[in-house]
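Data block for final-v5.csv (CSV, C-alpha atoms):
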```csv
chain,number,residue,atom,x,y,z
A,1,MET,CA,-57.5,5.4,-0.1
A,2,TRP,CA,-56.6,2.7,-2.6
A,3,ASP,CA,-60.0,2.7,-4.2
A,4,ARG,CA,-59.3,6.2,-5.6
A,5,LYS,CA,-56.3,5.0,-7.6
A,6,PRO,CA,-58.1,3.9,-10.8
A,7,SER,CA,-60.0,7.2,-11.0
A,8,LEU,CA,-56.8,9.2,-10.6
A,9,ILE,CA,-55.0,7.3,-13.3
A,10,GLY,CA,-58.0,7.6,-15.6
A,11,VAL,CA,-58.0,11.4,-15.2
A,12,SER,CA,-54.3,11.7,-15.6
A,13,THR,CA,-52.8,12.4,-19.0
A,14,ALA,CA,-50.2,9.7,-18.3
A,15,SER,CA,-52.3,7.0,-20.0
A,16,GLY,CA,-50.1,6.9,-23.1
A,17,PHE,CA,-47.4,4.6,-21.6
A,18,SER,CA,-47.1,1.1,-23.0
A,19,SER,CA,-47.0,-1.9,-20.7
A,20,ALA,CA,-43.3,-2.3,-21.6
A,21,GLU,CA,-42.5,1.3,-20.5
A,22,VAL,CA,-44.4,0.7,-17.2
A,23,GLU,CA,-42.4,-2.5,-16.7
A,24,ALA,CA,-39.2,-0.6,-17.5
A,25,GLY,CA,-40.0,2.0,-15.0
A,26,ARG,CA,-40.8,-0.6,-12.3
A,27,ARG,CA,-37.4,-2.3,-12.9
A,28,LEU,CA,-35.6,1.0,-13.0
A,29,PHE,CA,-36.8,1.9,-9.5
A,30,ALA,CA,-36.8,-1.7,-8.1
A,31,GLN,CA,-33.0,-1.4,-7.7
A,32,GLU,CA,-31.3,-0.5,-4.4
A,33,TRP,CA,-31.2,3.3,-3.9
A,34,ARG,CA,-28.9,5.2,-1.6
A,35,PHE,CA,-27.9,8.6,-0.5
A,36,ALA,CA,-24.9,9.6,-2.6
A,37,THR,CA,-23.9,13.2,-1.5
A,38,ALA,CA,-25.1,16.6,-0.6
A,39,ALA,CA,-23.9,19.8,-2.3
A,40,GLY,CA,-24.3,23.2,-0.5
A,41,SER,CA,-22.0,25.1,-2.9
A,42,ILE,CA,-21.0,25.1,-6.5
A,43,GLU,CA,-17.6,23.7,-5.6
A,44,SER,CA,-19.1,20.7,-3.8
A,45,LEU,CA,-21.2,19.6,-6.7
A,46,PRO,CA,-20.3,15.9,-7.6
A,47,ARG,CA,-18.7,14.9,-10.8
A,48,MET,CA,-21.2,14.5,-13.6
A,49,HIS,CA,-22.0,10.9,-14.2
A,50,GLY,CA,-24.8,9.3,-16.2
A,51,ILE,CA,-28.1,11.1,-16.3
A,52,GLU,CA,-29.7,13.2,-13.6
A,53,ILE,CA,-33.3,14.2,-13.0
A,54,ALA,CA,-34.1,16.7,-10.4
A,55,PHE,CA,-37.2,17.5,-8.3
A,56,SER,CA,-38.2,21.0,-7.5
A,57,GLY,CA,-41.1,22.6,-5.8
A,58,ARG,CA,-42.4,24.8,-2.9
A,59,SER,CA,-41.5,23.8,0.6
A,60,ASN,CA,-43.8,21.0,1.9
A,61,VAL,CA,-45.1,20.2,-1.6
A,62,GLY,CA,-44.0,16.6,-1.0
A,63,LYS,CA,-40.7,16.2,-2.8
A,64,SER,CA,-39.2,13.8,-0.3
A,65,SER,CA,-42.3,11.8,-0.1
A,66,LEU,CA,-42.5,11.4,-3.9
A,67,ILE,CA,-38.9,10.3,-4.1
A,68,ASN,CA,-39.5,7.8,-1.4
A,69,ALA,CA,-42.6,6.5,-3.2
A,70,LEU,CA,-40.7,6.2,-6.5
A,71,THR,CA,-37.9,4.3,-5.0
A,72,GLY,CA,-40.0,2.2,-2.7
A,73,ARG,CA,-37.9,3.4,0.3
A,74,ASN,CA,-39.8,4.9,3.2
A,75,ALA,CA,-36.8,6.9,4.5
A,76,LEU,CA,-34.5,7.4,1.6
A,77,ALA,CA,-35.3,11.2,1.4
A,78,ARG,CA,-36.0,12.8,4.8
A,79,THR,CA,-39.5,14.2,5.1
A,80,SER,CA,-40.3,16.9,7.6
A,81,ARG,CA,-43.2,19.1,8.6
A,82,THR,CA,-40.7,22.0,8.9
A,83,PRO,CA,-40.6,24.1,5.7
A,84,GLY,CA,-37.1,24.7,4.2
A,85,ARG,CA,-35.4,21.7,5.8
A,86,THR,CA,-33.7,20.7,2.5
A,87,GLN,CA,-31.0,23.4,2.2
A,88,GLU,CA,-28.7,21.6,-0.2
A,89,LEU,CA,-28.9,19.7,-3.5
A,90,ILE,CA,-29.3,16.1,-2.3
A,91,PHE,CA,-28.1,13.3,-4.7
A,92,PHE,CA,-29.5,9.8,-4.6
A,93,ALA,CA,-27.9,7.0,-6.7
A,94,GLY,CA,-29.4,3.7,-7.7
A,95,ALA,CA,-29.5,2.7,-11.3
A,96,PRO,CA,-26.1,2.7,-13.0
A,97,THR,CA,-27.0,5.5,-15.3
A,98,LEU,CA,-29.5,7.5,-13.2
A,99,THR,CA,-29.2,9.9,-10.3
A,100,LEU,CA,-32.1,11.6,-8.5
A,101,VAL,CA,-31.6,15.1,-7.1
A,102,ASP,CA,-33.8,16.7,-4.4
A,103,MET,CA,-33.6,20.5,-4.7
A,104,PRO,CA,-34.1,23.0,-1.9
A,105,GLY,CA,-37.8,24.1,-1.6
A,106,TYR,CA,-38.6,27.6,-2.8
A,107,GLY,CA,-41.2,30.0,-1.4
A,108,TYR,CA,-40.1,29.8,2.2
A,109,ALA,CA,-39.9,33.3,3.4
A,110,ALA,CA,-38.7,32.5,6.9
A,111,ALA,CA,-35.3,31.5,5.8
A,112,PRO,CA,-32.5,34.1,6.2
A,113,LYS,CA,-32.1,36.3,3.1
A,114,GLN,CA,-28.4,35.4,2.8
A,115,LYS,CA,-29.3,31.7,2.9
A,116,VAL,CA,-31.9,32.1,0.3
A,117,LYS,CA,-29.4,34.1,-1.9
A,118,ALA,CA,-26.9,31.2,-1.6
A,119,TRP,CA,-29.5,28.6,-2.5
A,120,THR,CA,-30.6,30.7,-5.5
A,121,GLU,CA,-27.0,31.1,-6.8
A,122,LEU,CA,-26.4,27.3,-6.3
A,123,ILE,CA,-29.6,26.3,-8.1
A,124,HIS,CA,-28.9,28.7,-11.0
A,125,ALA,CA,-25.4,27.4,-11.4
A,126,TYR,CA,-26.6,23.8,-11.2
A,127,LEU,CA,-29.3,24.3,-13.9
A,128,ARG,CA,-27.1,26.2,-16.3
A,129,GLY,CA,-23.9,24.1,-16.0
A,130,ARG,CA,-25.2,20.5,-15.6
A,131,ALA,CA,-25.0,19.0,-19.1
A,132,ASN,CA,-26.3,15.6,-17.9
A,133,LEU,CA,-29.4,17.1,-16.3
A,134,ALA,CA,-32.2,15.5,-18.5
A,135,ARG,CA,-35.3,17.0,-16.8
A,136,VAL,CA,-36.5,18.9,-13.8
A,137,TYR,CA,-39.9,17.7,-12.4
A,138,VAL,CA,-41.6,20.7,-10.8
A,139,LEU,CA,-44.0,19.5,-8.1
A,140,ILE,CA,-47.2,21.4,-7.6
A,141,ASP,CA,-49.8,20.7,-4.9
A,142,ALA,CA,-52.9,19.4,-6.7
A,143,ARG,CA,-55.1,21.0,-4.1
A,144,HIS,CA,-54.0,24.5,-5.1
A,145,GLY,CA,-52.5,24.4,-8.6
A,146,LEU,CA,-50.0,26.8,-10.0
A,147,LYS,CA,-49.4,29.8,-7.7
A,148,ASP,CA,-47.6,33.1,-8.1
A,149,ALA,CA,-44.7,31.7,-6.1
A,150,ASP,CA,-44.2,29.0,-8.7
A,151,GLN,CA,-43.7,31.4,-11.6
A,152,PRO,CA,-40.1,32.6,-10.8
A,153,ALA,CA,-38.9,28.9,-10.6
A,154,LEU,CA,-40.5,28.2,-14.0
A,155,ASP,CA,-39.0,31.4,-15.3
A,156,VAL,CA,-35.5,30.3,-14.2
A,157,LEU,CA,-36.0,26.9,-15.9
A,158,GLY,CA,-37.1,28.5,-19.1
A,159,GLU,CA,-34.2,31.0,-19.1
A,160,ALA,CA,-31.8,28.1,-18.6
A,161,ALA,CA,-33.5,26.1,-21.4
A,162,VAL,CA,-33.9,23.1,-19.0
A,163,SER,CA,-36.6,20.6,-19.9
A,164,HIS,CA,-39.1,20.6,-17.1
A,165,GLN,CA,-42.4,18.9,-16.4
A,166,VAL,CA,-45.1,19.6,-13.8
A,167,VAL,CA,-46.1,16.8,-11.5
A,168,LEU,CA,-49.1,17.3,-9.3
A,169,THR,CA,-48.8,15.9,-5.8
A,170,LYS,CA,-51.3,14.9,-3.2
A,171,ALA,CA,-53.8,14.2,-5.9
A,172,ASP,CA,-55.7,11.7,-3.7
A,173,GLN,CA,-56.9,14.7,-1.8
A,174,VAL,CA,-58.7,16.3,-4.8
A,175,LYS,CA,-62.0,15.1,-6.3
A,176,PRO,CA,-61.6,13.6,-9.8
A,177,ASP,CA,-63.5,16.4,-11.6
A,178,GLU,CA,-61.5,19.1,-9.8
A,179,LEU,CA,-58.3,17.2,-10.6
A,180,ALA,CA,-59.2,17.0,-14.3
A,181,GLY,CA,-59.8,20.8,-14.3
A,182,ARG,CA,-56.5,21.5,-12.5
A,183,ILE,CA,-54.6,19.4,-15.0
A,184,ALA,CA,-56.2,21.2,-18.0
A,185,ALA,CA,-55.5,24.6,-16.5
A,186,THR,CA,-51.9,23.8,-15.7
A,187,GLU,CA,-51.3,22.4,-19.2
A,188,THR,CA,-52.8,25.6,-20.7
A,189,ALA,CA,-50.5,27.8,-18.6
A,190,LEU,CA,-47.4,25.7,-19.6
A,191,ALA,CA,-48.2,26.0,-23.3
A,192,LYS,CA,-46.7,29.4,-23.1
A,193,ARG,CA,-43.4,28.0,-21.9
A,194,PRO,CA,-41.2,26.4,-24.7
A,195,ALA,CA,-39.0,24.4,-22.3
A,196,ALA,CA,-42.0,23.0,-20.4
A,197,PHE,CA,-43.1,19.5,-21.3
A,198,PRO,CA,-46.8,19.7,-22.3
A,199,GLN,CA,-48.1,16.7,-20.3
A,200,VAL,CA,-48.9,17.1,-16.6
A,201,LEU,CA,-48.8,14.0,-14.4
A,202,ALA,CA,-50.9,13.5,-11.3
A,203,THR,CA,-49.5,11.5,-8.4
A,204,SER,CA,-50.1,10.6,-4.7
A,205,ALA,CA,-47.2,9.4,-2.6
A,206,ARG,CA,-49.7,8.3,0.0
A,207,SER,CA,-52.0,6.2,-2.2
A,208,GLY,CA,-49.5,5.3,-4.9
A,209,ALA,CA,-51.7,6.7,-7.6
A,210,GLY,CA,-49.7,7.9,-10.7
A,211,ILE,CA,-46.4,6.5,-9.3
A,212,ALA,CA,-46.1,3.8,-12.0
A,213,GLU,CA,-46.8,6.4,-14.7
A,214,LEU,CA,-44.1,8.7,-13.4
A,215,ARG,CA,-41.6,5.8,-13.3
A,216,ALA,CA,-42.6,5.0,-16.9
A,217,ALA,CA,-42.1,8.6,-17.9
A,218,ILE,CA,-38.6,8.6,-16.4
A,219,ALA,CA,-37.8,5.3,-18.1
A,220,ARG,CA,-38.9,6.7,-21.4
A,221,LEU,CA,-36.8,9.8,-20.9
A,222,LEU,CA,-33.7,7.7,-20.2
A,223,ALA,CA,-34.4,5.6,-23.3
A,224,GLU,CA,-34.6,8.8,-25.4
A,225,ARG,CA,-31.4,10.2,-24.0
A,226,ARG,CA,-29.5,7.0,-24.8
```
Show me this structure written as structure tokens.
Amino acid sequence: MWDRKPSLIGVSTASGFSSAEVEAGRRLFAQEWRFATAAGSIESLPRMHGIEIAFSGRSNVGKSSLINALTGRNALARTSRTPGRTQELIFFAGAPTLTLVDMPGYGYAAAPKQKVKAWTELIHAYLRGRANLARVYVLIDARHGLKDADQPALDVLGEAAVSHQVVLTKADQVKPDELAGRIAATETALAKRPAAFPQVLATSARSGAGIAELRAAIARLLAERR
């Protein structure tokens, strides 16, 4: 699996990070990370502190696995084969100025309609009212690319004028040429969305490919926000 890592990084558009940014990202996520709180309602959202980045995506796209890979903690975020397990906004604290937020997965039709409605209202309120939310990383399965089910989530982010960036997951399961095409197609689709960051990152929580680049991207974002 590891022998695929150089080809994935070479295909990824994340090659523009300096060695200093890569090192800053490594240090940022080398700190001790812990579960901070879970919010299932607007009233239970924690007080805003520092900078937050959130991870969104369809159920089973690999959000929890990616968070674990970023932080180097195998069980920080709970992974499950059961779609829709994350039913709250989950906050993880580590660096003094950074909080990671795992958002409920979307596109899970088996959840009760009332529960989906509650999730939707919570997410909309969070996106519109969180002044310290620097970016939402929208995770897309590299094997499939953007789907119709992803469009409403991207629409909500655009309407809320929240900066967001697409991160392809499970990229080790896609051949390099196919991955390059998927990145190009995704970037073309995102060009029509003003709030979308134009660069797409390709990652694999399983092989570690692209994780250093995503850490560097987050470190750069924090530096810009300061």
| Using all atoms listed in the file, which residue out of A:Gly145, A:Pro104, A:Gly62, A:Gly72 lies closest to A:Lys170? |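 Among A:Gly145, A:Pro104, A:Gly62, A:Gly72, it is A:Gly62 that comes nearest to A:Lys170.
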| said: Which residues are close to A:Thr97, i.e. within 12 Å by all atoms listed in the file, leaving aside same-chain residues fewer than 6 positions away? Reply as a PyMOL selection string. | reply: chain A and resi 28-29+31+48-53+132-134+219+222-223+225-226
Please produce an output containing C-alpha atoms for each residue in the selection, written as a compact mmCIF listing (two decimals), keeping the file's coordinate frame.
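The resulting file, part.txt, is shown below:
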```txt
# COMPACT_ATOMS: atom_id res chain seq x y z
CA LEU A 28 -35.60 1.00 -13.00
CA PHE A 29 -36.80 1.90 -9.50
CA GLN A 31 -33.00 -1.40 -7.70
CA MET A 48 -21.20 14.50 -13.60
CA HIS A 49 -22.00 10.90 -14.20
CA GLY A 50 -24.80 9.30 -16.20
CA ILE A 51 -28.10 11.10 -16.30
CA GLU A 52 -29.70 13.20 -13.60
CA ILE A 53 -33.30 14.20 -13.00
CA ASN A 132 -26.30 15.60 -17.90
CA LEU A 133 -29.40 17.10 -16.30
CA ALA A 134 -32.20 15.50 -18.50
CA ALA A 219 -37.80 5.30 -18.10
CA LEU A 222 -33.70 7.70 -20.20
CA ALA A 223 -34.40 5.60 -23.30
CA ARG A 225 -31.40 10.20 -24.00
CA ARG A 226 -29.50 7.00 -24.80
```
| remark: Restricting to all atoms listed in the file, whichever of A:Pro46, A:Gly40, A:Gly16, A:Gly25 is closest to A:Ile218 is A:Gly25
Please tabulate, as JSON lines, the residues of stretch 144-181 of chain A that come within 10 Å of stretch 125-131 of chain A, each with its closest pair of atoms and the distance in Å to one decimal, counting all atoms listed in the file and ordering rows by chain, then residue number upward.
```
{"residue": "A:Val156", "atom": "CA", "partner": "A:Leu127", "partner_atom": "CA", "distance": 8.6}
{"residue": "A:Leu157", "atom": "CA", "partner": "A:Leu127", "partner_atom": "CA", "distance": 7.5}
{"residue": "A:Glu159", "atom": "CA", "partner": "A:Arg128", "partner_atom": "CA", "distance": 9.0}
{"residue": "A:Ala160", "atom": "CA", "partner": "A:Arg128", "partner_atom": "CA", "distance": 5.6}
{"residue": "A:Ala161", "atom": "CA", "partner": "A:Arg128", "partner_atom": "CA", "distance": 8.2}
{"residue": "A:Val162", "atom": "CA", "partner": "A:Leu127", "partner_atom": "CA", "distance": 7.0}
```
| said: Which residue is closest to A:Ala36? Choose from A:Gln151, A:Gln199, A:Ser19, A:Thr99 and count all atoms listed in the file. | reply: A:Thr99
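Nearest residue to A:Ala189, choosing from A:Leu70, A:Ala202, A:Leu154, A:Ala24 and counting all atoms listed in the file: A:Leu154.
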| field | Interatomic distance, atom CA of A:Ala171 to atom CA of A:Ala77 (Å, one decimal) | value | 20.1 Å
Determine, for each residue of stretch 35-151 of chain A having at least one atom at most 12 Å from an atom of stretch 211-214 of chain A, the closest pair of atoms and their separation in Å to one decimal, counting all atoms listed in the file; order by chain and ascending number, as JSON lines.
```
{"residue": "A:Ser65", "atom": "CA", "partner": "A:Ile211", "partner_atom": "CA", "distance": 11.4}
{"residue": "A:Leu66", "atom": "CA", "partner": "A:Ile211", "partner_atom": "CA", "distance": 8.3}
{"residue": "A:Ile67", "atom": "CA", "partner": "A:Ile211", "partner_atom": "CA", "distance": 9.9}
{"residue": "A:Asn68", "atom": "CA", "partner": "A:Ile211", "partner_atom": "CA", "distance": 10.6}
{"residue": "A:Ala69", "atom": "CA", "partner": "A:Ile211", "partner_atom": "CA", "distance": 7.2}
{"residue": "A:Leu70", "atom": "CA", "partner": "A:Ile211", "partner_atom": "CA", "distance": 6.4}
{"residue": "A:Thr71", "atom": "CA", "partner": "A:Ile211", "partner_atom": "CA", "distance": 9.8}
{"residue": "A:Gly72", "atom": "CA", "partner": "A:Ile211", "partner_atom": "CA", "distance": 10.1}
{"residue": "A:Tyr137", "atom": "CA", "partner": "A:Leu214", "partner_atom": "CA", "distance": 10.0}
```
| query | Separation of atom CA of A:Phe197 and atom CA of A:Ala93, in Å? | reply |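 The value is 24.5 Å.
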| Shortest interatomic distance to A:Lys147 - which of A:Thr186, A:Gln173, A:Ser18, A:Asn60, counting all atoms listed in the file |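 Checking each candidate against A:Lys147, we get A:Thr186 as the closest.
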| request: For atom CA of A:Val174 and atom CA of A:Arg143, determine how far apart the two atoms are, in Å to one decimal place. | output: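 Atom-to-atom, atom CA of A:Val174 and atom CA of A:Arg143 are spaced 6.0 Å apart.
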| field | Proximity to A:Leu122 - best of A:Thr203, A:Ser64, A:Ser56, A:Ser44, all atoms listed in the file | value | A:Ser44
